[in-house]
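> Contents of input.tsv (TSV, C-alpha atoms and all ligand atoms) are below:
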```tsv
chain	number	residue	atom	x	y	z
A	1	MET	CA	76.92	108.44	90.97
A	2	THR	CA	76.88	104.90	92.35
A	3	LEU	CA	79.07	101.85	91.88
A	4	SER	CA	78.14	99.32	89.24
A	5	LYS	CA	78.52	96.22	91.48
A	6	ARG	CA	77.51	95.45	95.02
A	7	HIS	CA	80.74	93.61	95.99
A	8	LEU	CA	84.43	94.31	95.33
A	9	LEU	CA	85.87	90.88	94.52
A	10	SER	CA	88.20	91.66	91.62
A	11	ILE	CA	89.25	94.54	89.39
A	12	ALA	CA	86.83	93.16	86.76
A	13	ASP	CA	84.02	94.35	89.08
A	14	LEU	CA	85.03	97.98	88.50
A	15	THR	CA	84.24	100.18	85.51
A	16	PRO	CA	86.53	103.16	84.82
A	17	GLY	CA	83.66	105.29	86.22
A	18	ASP	CA	83.71	103.26	89.48
A	19	VAL	CA	87.46	103.80	89.79
A	20	ALA	CA	87.06	107.54	89.18
A	21	LEU	CA	84.36	107.66	91.88
A	22	ILE	CA	86.55	105.78	94.38
A	23	PHE	CA	89.53	108.07	93.63
A	24	GLN	CA	87.42	111.23	93.89
A	25	THR	CA	86.00	110.01	97.23
A	26	ALA	CA	89.44	108.99	98.52
A	27	LYS	CA	90.83	112.40	97.56
A	28	SER	CA	88.16	114.19	99.57
A	29	LEU	CA	88.50	111.84	102.59
A	30	LYS	CA	92.32	111.81	102.68
A	31	GLU	CA	92.69	115.03	104.67
A	32	ILE	CA	90.65	113.62	107.59
A	33	SER	CA	93.69	111.56	108.57
A	34	ARG	CA	95.79	114.73	108.94
A	35	ARG	CA	93.29	116.48	111.22
A	36	PRO	CA	93.87	116.78	115.00
A	37	VAL	CA	90.57	114.88	115.47
A	38	LYS	CA	90.58	112.15	112.84
A	39	LYS	CA	86.90	111.25	112.76
A	40	VAL	CA	83.74	112.11	110.83
A	41	PRO	CA	80.22	110.73	111.43
A	42	THR	CA	79.72	109.52	107.84
A	43	LEU	CA	79.25	105.80	108.62
A	44	ARG	CA	77.78	106.15	112.12
A	45	GLY	CA	75.46	103.20	112.74
A	46	LYS	CA	77.17	100.98	110.14
A	47	THR	CA	79.06	97.79	111.04
A	48	VAL	CA	82.18	96.51	109.28
A	49	ILE	CA	83.54	93.03	110.11
A	50	ASN	CA	87.18	92.45	109.14
A	51	CYS	CA	87.58	88.71	108.56
A	52	PHE	CA	91.30	88.03	108.25
A	53	PHE	CA	92.10	84.33	107.94
A	54	GLU	CA	95.69	85.06	106.81
A	55	PRO	CA	98.30	87.38	108.41
A	56	SER	CA	98.23	91.08	107.53
A	57	THR	CA	99.63	94.31	108.92
A	58	ARG	CA	98.79	97.01	106.38
A	59	THR	CA	95.45	95.82	104.99
A	60	ARG	CA	93.84	94.78	108.26
A	61	THR	CA	95.01	97.83	110.21
A	62	SER	CA	94.07	100.27	107.47
A	63	PHE	CA	90.57	98.79	107.01
A	64	GLU	CA	90.03	99.02	110.78
A	65	ILE	CA	91.34	102.59	110.94
A	66	ALA	CA	89.33	103.53	107.85
A	67	ALA	CA	86.11	102.21	109.40
A	68	LYS	CA	86.79	103.96	112.71
A	69	ARG	CA	87.67	107.30	111.08
A	70	LEU	CA	84.25	107.17	109.41
A	71	SER	CA	82.60	106.26	112.77
A	72	ALA	CA	81.52	102.77	111.69
A	73	ASP	CA	81.65	100.01	114.29
A	74	ALA	CA	84.64	97.86	113.31
A	75	VAL	CA	84.92	94.27	114.50
A	76	ASN	CA	88.00	92.13	113.85
A	77	PHE	CA	87.46	88.41	113.31
A	78	GLY	CA	89.99	85.66	112.58
A	79	SER	CA	90.56	81.93	112.79
A	80	THR	CA	92.26	82.11	116.18
A	81	GLY	CA	89.83	82.27	119.08
A	82	SER	CA	86.75	81.63	116.91
A	83	ALA	CA	84.56	78.54	116.44
A	84	LEU	CA	86.56	77.79	113.26
A	85	ALA	CA	89.08	76.28	115.68
A	86	LYS	CA	86.30	73.88	116.80
A	87	GLY	CA	85.68	72.79	113.22
A	88	GLU	CA	82.87	75.17	112.16
A	89	SER	CA	82.91	75.53	108.38
A	90	LEU	CA	83.80	78.77	106.62
A	91	ILE	CA	80.34	78.95	105.03
A	92	ASP	CA	78.59	78.52	108.39
A	93	THR	CA	80.92	81.13	109.85
A	94	ILE	CA	80.09	83.66	107.12
A	95	ARG	CA	76.34	82.96	107.37
A	96	THR	CA	76.56	83.42	111.14
A	97	LEU	CA	78.40	86.74	110.82
A	98	ASN	CA	75.93	87.87	108.13
A	99	ALA	CA	73.02	87.15	110.49
A	100	MET	CA	74.49	89.82	112.78
A	101	GLN	CA	73.55	92.38	110.09
A	102	PRO	CA	76.92	93.90	109.16
A	103	ASP	CA	77.03	96.38	106.29
A	104	ALA	CA	80.38	95.12	104.97
A	105	LEU	CA	82.52	92.00	105.35
A	106	VAL	CA	86.18	92.55	104.50
A	107	ILE	CA	87.73	89.15	103.77
A	108	ARG	CA	91.32	87.95	103.43
A	109	HIS	CA	91.90	84.24	102.92
A	110	ARG	CA	94.68	82.06	101.55
A	111	GLY	CA	92.21	80.37	99.20
A	112	SER	CA	91.70	81.96	95.78
A	113	GLY	CA	87.98	82.65	95.28
A	114	VAL	CA	86.95	82.57	98.96
A	115	PRO	CA	85.55	86.16	99.01
A	116	ALA	CA	83.43	85.31	95.93
A	117	LEU	CA	82.20	82.15	97.65
A	118	CYS	CA	81.26	84.23	100.71
A	119	ALA	CA	79.56	86.90	98.59
A	120	ALA	CA	77.23	84.22	97.24
A	121	GLN	CA	76.19	83.39	100.83
A	122	VAL	CA	75.42	86.85	102.23
A	123	ARG	CA	72.32	89.03	102.11
A	124	ASP	CA	72.20	92.81	102.43
A	125	CYS	CA	75.94	93.09	102.95
A	126	ALA	CA	78.86	94.08	100.75
A	127	VAL	CA	81.89	91.78	100.52
A	128	ILE	CA	85.28	93.40	99.93
A	129	ASN	CA	88.21	91.20	98.93
A	130	ALA	CA	91.25	92.05	101.06
A	131	GLY	CA	93.47	89.52	99.25
A	132	ASP	CA	92.61	85.93	98.26
A	133	GLY	CA	95.40	83.43	97.64
A	134	GLN	CA	97.17	84.07	94.36
A	135	HIS	CA	94.04	85.55	92.81
A	136	GLU	CA	93.48	89.27	93.53
A	137	HIS	CA	94.04	92.14	95.95
A	138	PRO	CA	91.82	94.85	94.44
A	139	THR	CA	92.12	97.50	97.18
A	140	GLN	CA	95.93	97.22	96.94
A	141	ALA	CA	95.70	97.93	93.20
A	142	LEU	CA	93.36	100.85	93.88
A	143	LEU	CA	95.70	102.41	96.43
A	144	ASP	CA	98.69	101.84	94.13
A	145	ALA	CA	97.00	103.53	91.16
A	146	PHE	CA	95.70	106.32	93.42
A	147	THR	CA	99.27	106.87	94.69
A	148	VAL	CA	100.55	107.10	91.11
A	149	ALA	CA	97.75	109.52	90.15
A	150	GLN	CA	98.59	111.73	93.14
A	151	ALA	CA	102.36	111.65	92.46
A	152	LYS	CA	102.30	111.97	88.67
A	153	GLY	CA	99.00	113.76	88.08
A	154	ARG	CA	97.79	110.97	85.77
A	155	VAL	CA	97.92	107.25	85.11
A	156	ARG	CA	96.96	107.17	81.41
A	157	GLY	CA	100.01	107.00	79.13
A	158	LEU	CA	102.48	106.00	81.86
A	159	THR	CA	104.56	102.83	81.73
A	160	VAL	CA	104.27	100.72	84.88
A	161	ALA	CA	106.68	97.81	85.44
A	162	PHE	CA	105.96	95.01	87.91
A	163	LEU	CA	109.23	93.39	89.01
A	164	GLY	CA	109.82	90.01	90.61
A	165	ASP	CA	107.52	87.16	91.55
A	166	ILE	CA	104.60	87.81	89.19
A	167	ALA	CA	103.30	84.22	89.23
A	168	HIS	CA	102.42	84.10	92.93
A	169	SER	CA	101.36	87.74	93.22
A	170	ARG	CA	97.75	88.77	93.69
A	171	VAL	CA	99.08	92.34	93.84
A	172	ALA	CA	100.44	91.97	90.30
A	173	ARG	CA	97.27	90.31	89.01
A	174	SER	CA	95.03	93.12	90.30
A	175	GLY	CA	97.58	95.81	89.53
A	176	ILE	CA	98.10	94.80	85.90
A	177	ALA	CA	94.31	94.70	85.34
A	178	LEU	CA	93.74	98.09	86.96
A	179	PHE	CA	96.64	99.97	85.36
A	180	ARG	CA	95.59	98.60	81.96
A	181	LYS	CA	91.99	99.66	82.61
A	182	LEU	CA	93.24	103.18	83.40
A	183	GLY	CA	95.24	103.43	80.17
A	184	ALA	CA	98.78	102.67	81.35
A	185	LYS	CA	101.22	100.38	79.53
A	186	VAL	CA	102.29	97.48	81.77
A	187	LEU	CA	105.61	95.59	81.70
A	188	VAL	CA	106.68	92.64	83.82
A	189	ALA	CA	110.17	91.30	84.54
A	190	GLY	CA	111.57	88.66	86.86
A	191	PRO	CA	112.84	85.10	86.97
A	192	ARG	CA	111.35	83.11	84.10
A	193	SER	CA	110.07	80.49	86.56
A	194	LEU	CA	108.10	83.22	88.37
A	195	LEU	CA	106.35	84.65	85.29
A	196	PRO	CA	102.87	83.26	84.53
A	197	VAL	CA	102.82	81.13	81.37
A	198	ALA	CA	100.42	83.43	79.51
A	199	VAL	CA	101.45	86.75	80.97
A	200	GLU	CA	100.54	88.58	77.73
A	201	ALA	CA	96.94	87.41	78.20
A	202	LEU	CA	96.89	89.52	81.39
A	203	GLY	CA	97.72	92.57	79.28
A	204	ALA	CA	101.40	92.89	80.23
A	205	ALA	CA	104.54	92.68	78.09
A	206	ALA	CA	107.33	90.46	79.44
A	207	MET	CA	110.78	92.08	79.42
A	208	PRO	CA	114.01	90.06	79.16
A	209	SER	CA	115.61	91.65	82.24
A	210	ILE	CA	114.90	93.87	85.23
A	211	ALA	CA	117.27	96.53	83.84
A	212	GLU	CA	115.40	96.71	80.51
A	213	ALA	CA	112.06	97.12	82.30
A	214	VAL	CA	113.56	99.79	84.57
A	215	ALA	CA	114.86	101.78	81.60
A	216	LEU	CA	111.35	102.12	80.11
A	217	ALA	CA	109.30	102.62	83.27
A	218	ASP	CA	107.73	105.68	84.85
A	219	VAL	CA	106.59	103.56	87.79
A	220	LEU	CA	108.33	100.53	89.30
A	221	VAL	CA	106.26	98.17	91.45
A	222	VAL	CA	108.68	95.85	93.24
A	223	LEU	CA	107.01	92.66	94.46
A	224	ARG	CA	107.83	90.78	97.61
A	225	VAL	CA	109.66	87.49	97.15
A	226	GLN	CA	107.02	85.26	98.72
A	227	LEU	CA	109.29	83.00	100.73
A	228	GLU	CA	106.27	81.03	101.98
A	229	ARG	CA	105.13	80.15	98.41
A	230	LEU	CA	108.49	79.50	96.76
A	231	GLN	CA	109.17	75.83	97.47
A	232	GLY	CA	109.86	74.06	94.19
A	233	ALA	CA	109.55	77.24	92.12
A	234	GLY	CA	113.04	76.91	90.66
A	235	VAL	CA	114.39	80.06	92.26
A	236	PRO	CA	118.12	80.39	93.02
A	237	THR	CA	119.30	81.33	96.50
A	238	LEU	CA	118.08	84.66	97.88
A	239	ARG	CA	121.59	86.07	97.36
A	240	GLU	CA	121.44	85.07	93.68
A	241	TYR	CA	117.91	86.44	93.43
A	242	ALA	CA	119.07	89.78	94.84
A	243	ARG	CA	121.99	89.94	92.41
A	244	HIS	CA	120.04	89.07	89.24
A	245	PHE	CA	116.49	90.27	89.95
A	246	GLY	CA	116.70	92.73	92.83
A	247	LEU	CA	116.31	96.48	92.40
A	248	ASN	CA	119.63	98.08	93.32
A	249	ALA	CA	121.96	100.88	92.29
A	250	VAL	CA	123.17	98.85	89.29
A	251	THR	CA	119.72	97.99	87.88
A	252	MET	CA	118.59	101.60	88.51
A	253	LYS	CA	121.41	103.06	86.36
A	254	GLN	CA	119.19	103.47	83.27
A	255	ALA	CA	116.06	104.61	85.16
A	256	LYS	CA	114.23	107.78	84.16
A	257	PRO	CA	115.10	110.71	86.47
A	258	ASP	CA	111.49	111.07	87.61
A	259	VAL	CA	110.79	107.37	88.10
A	260	VAL	CA	108.89	106.38	91.25
A	261	ILE	CA	109.30	103.14	93.20
A	262	MET	CA	106.47	101.35	94.97
A	263	HIS	CA	106.26	98.14	96.98
A	264	PRO	CA	103.08	96.69	98.53
A	265	GLY	CA	104.99	95.44	101.59
A	266	PRO	CA	106.15	93.68	103.60
A	267	ILE	CA	109.65	94.25	102.19
A	268	ASN	CA	112.49	91.73	102.18
A	269	ARG	CA	115.20	94.36	102.45
A	270	GLY	CA	118.31	93.45	100.45
A	271	VAL	CA	116.45	90.75	98.48
A	272	GLU	CA	113.96	92.30	96.00
A	273	ILE	CA	115.02	95.87	96.81
A	274	ASP	CA	118.03	97.56	98.39
A	275	PRO	CA	117.23	99.49	101.59
A	276	GLU	CA	118.72	102.70	100.10
A	277	LEU	CA	116.09	102.58	97.33
A	278	ALA	CA	113.21	101.55	99.60
A	279	ASP	CA	113.95	104.56	101.80
A	280	GLY	CA	115.30	106.88	99.10
A	281	ARG	CA	114.05	109.82	97.08
A	282	TYR	CA	112.22	107.78	94.43
A	283	SER	CA	110.24	105.78	96.98
A	284	LEU	CA	106.48	106.18	97.45
A	285	ILE	CA	106.21	103.20	99.81
A	286	LEU	CA	104.98	105.17	102.83
A	287	ASP	CA	102.67	107.26	100.59
A	288	GLN	CA	101.09	103.94	99.59
A	289	VAL	CA	100.46	103.15	103.25
A	290	GLU	CA	98.90	106.56	103.94
A	291	ASN	CA	96.81	106.39	100.76
A	292	GLY	CA	95.67	102.90	101.78
A	293	ILE	CA	93.61	104.48	104.56
A	294	ALA	CA	92.00	107.03	102.21
A	295	VAL	CA	91.20	104.46	99.53
A	296	ARG	CA	89.75	102.01	102.06
A	297	MET	CA	87.70	104.79	103.64
A	298	ALA	CA	86.34	105.50	100.16
A	299	CYS	CA	85.58	101.82	99.53
A	300	LEU	CA	83.81	101.37	102.88
A	301	TYR	CA	81.83	104.58	102.36
A	302	LEU	CA	80.73	103.65	98.83
A	303	TYR	CA	80.12	99.92	99.36
A	304	CYS	CA	78.20	100.46	102.64
A	305	HIS	CA	75.93	102.87	100.76
A	306	GLU	CA	75.71	100.51	97.81
A	307	ARG	CA	74.29	97.96	100.24
A	308	LEU	CA	71.39	100.34	100.93
A	309	LEU	CA	70.80	101.00	97.23
A	310	HIS	CA	70.57	97.27	96.46
A	311	HIS	CA	68.36	96.55	99.47
B	1	LIG	N1	100.22	94.82	101.03
B	1	LIG	C1	99.62	93.98	101.92
B	1	LIG	O1	98.61	93.32	101.63
B	1	LIG	O2	100.23	93.95	103.15
B	1	LIG	P1	99.69	93.15	104.40
B	1	LIG	O3	99.86	91.69	104.11
B	1	LIG	O4	100.51	93.64	105.56
B	1	LIG	O5	98.22	93.49	104.56
```
Just dump the structure as structure tokens.


Amino acid sequence: MTLSKRHLLSIADLTPGDVALIFQTAKSLKEISRRPVKKVPTLRGKTVINCFFEPSTRTRTSFEIAAKRLSADAVNFGSTGSALAKGESLIDTIRTLNAMQPDALVIRHRGSGVPALCAAQVRDCAVINAGDGQHEHPTQALLDAFTVAQAKGRVRGLTVAFLGDIAHSRVARSGIALFRKLGAKVLVAGPRSLLPVAVEALGAAAMPSIAEAVALADVLVVLRVQLERLQGAGVPTLREYARHFGLNAVTMKQAKPDVVIMHPGPINRGVEIDPELADGRYSLILDQVENGIAVRMACLYLYCHERLLHH
């Protein structure tokens, strides 16, 4: 089996068969990270360039670790210390990196659509979107759905609720699309000013309150309050946000006994989620981090091979 598209720019690029292939590959690669020697020769001779033009801990580190565990040569590239600081354009930068014959470019950028723009410039190289502006974060959605599948044994038929700042969230945009594609029902809840105008068009049902979404959900995905994107968004103080929209012991009162809680990170503890819940028995937050390596190993493995097939 092969993937249907050469680049991973958005969840729309994936068929259900592609997702099944990525999950099956991730499942078989996951145990490598628990071995005493965490390395296999699968991508020996391949080159992955991680182009992170926006801060990241989880995504950048896990793509680098994923590449190295598969024996690819991993190079990290960013705005600081590069010719971008001298005024070189993004397009010239991407063309220059592409001329060095990488097999994959992993791109994070604050501009929505930048990975797609770059994909149109490259030859013989896969582009993987590692988060672009408020648009998409497809590998985050893949690792989230993979984590649910591992914890619950299925995704189809579950109810997944995204809580918080939906409007600014590329995690929510990709997550809603992927969970819908896999047959889950998706709910959203949060401050009205932070819900997209046409949220139903994304395939999600808007709930009147966090507590009502919690009562129906099998999976809660708590979103980070994006302090850096909130100016003028009509949000109350963070204390008010925590009281009315945060996940805490009160809002969890009606939750199903086997509910699971996820968060893409980084967490604003005590704002969108209480520390006791982030660290408690329902939490899969560190499973998400571990699964991020397996899913990104699977993506690098499959998209680097896809590059050969499309050559
Ligand atoms: N979830 C996520 O994208 O985290 P980072 O910003 O740390 O990569």

> Go ahead and compute the interatomic distance for atom CA of A:Arg281 and atom CA of A:Lys152, in Å to one decimal.

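Computing the Euclidean distance for atom CA of A:Arg281 and atom CA of A:Lys152 yields 14.6 Å.
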
> Give the residue list for ligand LIG 1 (chain B) at 9 Å, counting all atoms listed in the file, as a list in words, sorted by chain and then by residue number.

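After applying the 9 Å limit, what remains is Glu54, Pro55, Ser56, Thr57, Arg58, Thr59, Arg60, Thr61, Ser62, Arg108, Ala130, Gly131, His137, Thr139, Gln140, Val171, His263, Pro264, Gly265, Pro266 and Val289 of chain A.
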
> Using only C-alpha atoms and a cutoff of 8 Å, can you tell me which residues are near (78.2, 81.3, 101.7) in the file's coordinates, and write them out as a list of chain:residue names?

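Applying the cut-off with only C-alpha atoms, one gets A:Leu90, A:Ile91, A:Asp92, A:Ile94, A:Arg95, A:Leu117, A:Cys118, A:Ala119, A:Ala120, A:Gln121, A:Val122.
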
> Work out how far atom CA of A:Val250 is from atom CA of A:Ala211, in Å to one decimal.

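Atom CA of A:Ala211 sits 8.4 Å away from atom CA of A:Val250.
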
> Provide the atom CA of A:Ala20 to atom CA of A:Lys46 distance in Å, to one decimal place.

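Computing it gives 24.1 Å between the two atoms.
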
> Rank nothing, just name the residue among A:Glu31, A:Asp165, A:Glu212, A:Asp144 nearest to A:Met262, using all atoms listed in the file.

A:Asp144

> Residues within 6 Å of (82.2, 92.0, 113.7), file coordinates, counting only C-alpha atoms: what are they? Give the list as a VMD selection string.

chain A and resid 49 75 to 76

> Please write the residues from the selection above to a file, keeping C-alpha atoms, as a compact mmCIF listing (two decimals), in the frame of the given file.


```
# COMPACT_ATOMS: atom_id res chain seq x y z
CA ILE A 49 83.54 93.03 110.11
CA VAL A 75 84.92 94.27 114.50
CA ASN A 76 88.00 92.13 113.85
```

> Quick one: of A:Ala189, A:Leu163, A:Val114, A:Leu238, who's nearest to A:Ile261, counting all atoms listed in the file?

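Counting all atoms listed in the file, the residue closest to A:Ile261 is A:Leu163.
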
> Which is closest to A:Lys185 among A:Ser169, A:Thr159, A:Thr80, A:Thr251, if we use all atoms listed in the file?

A:Thr159
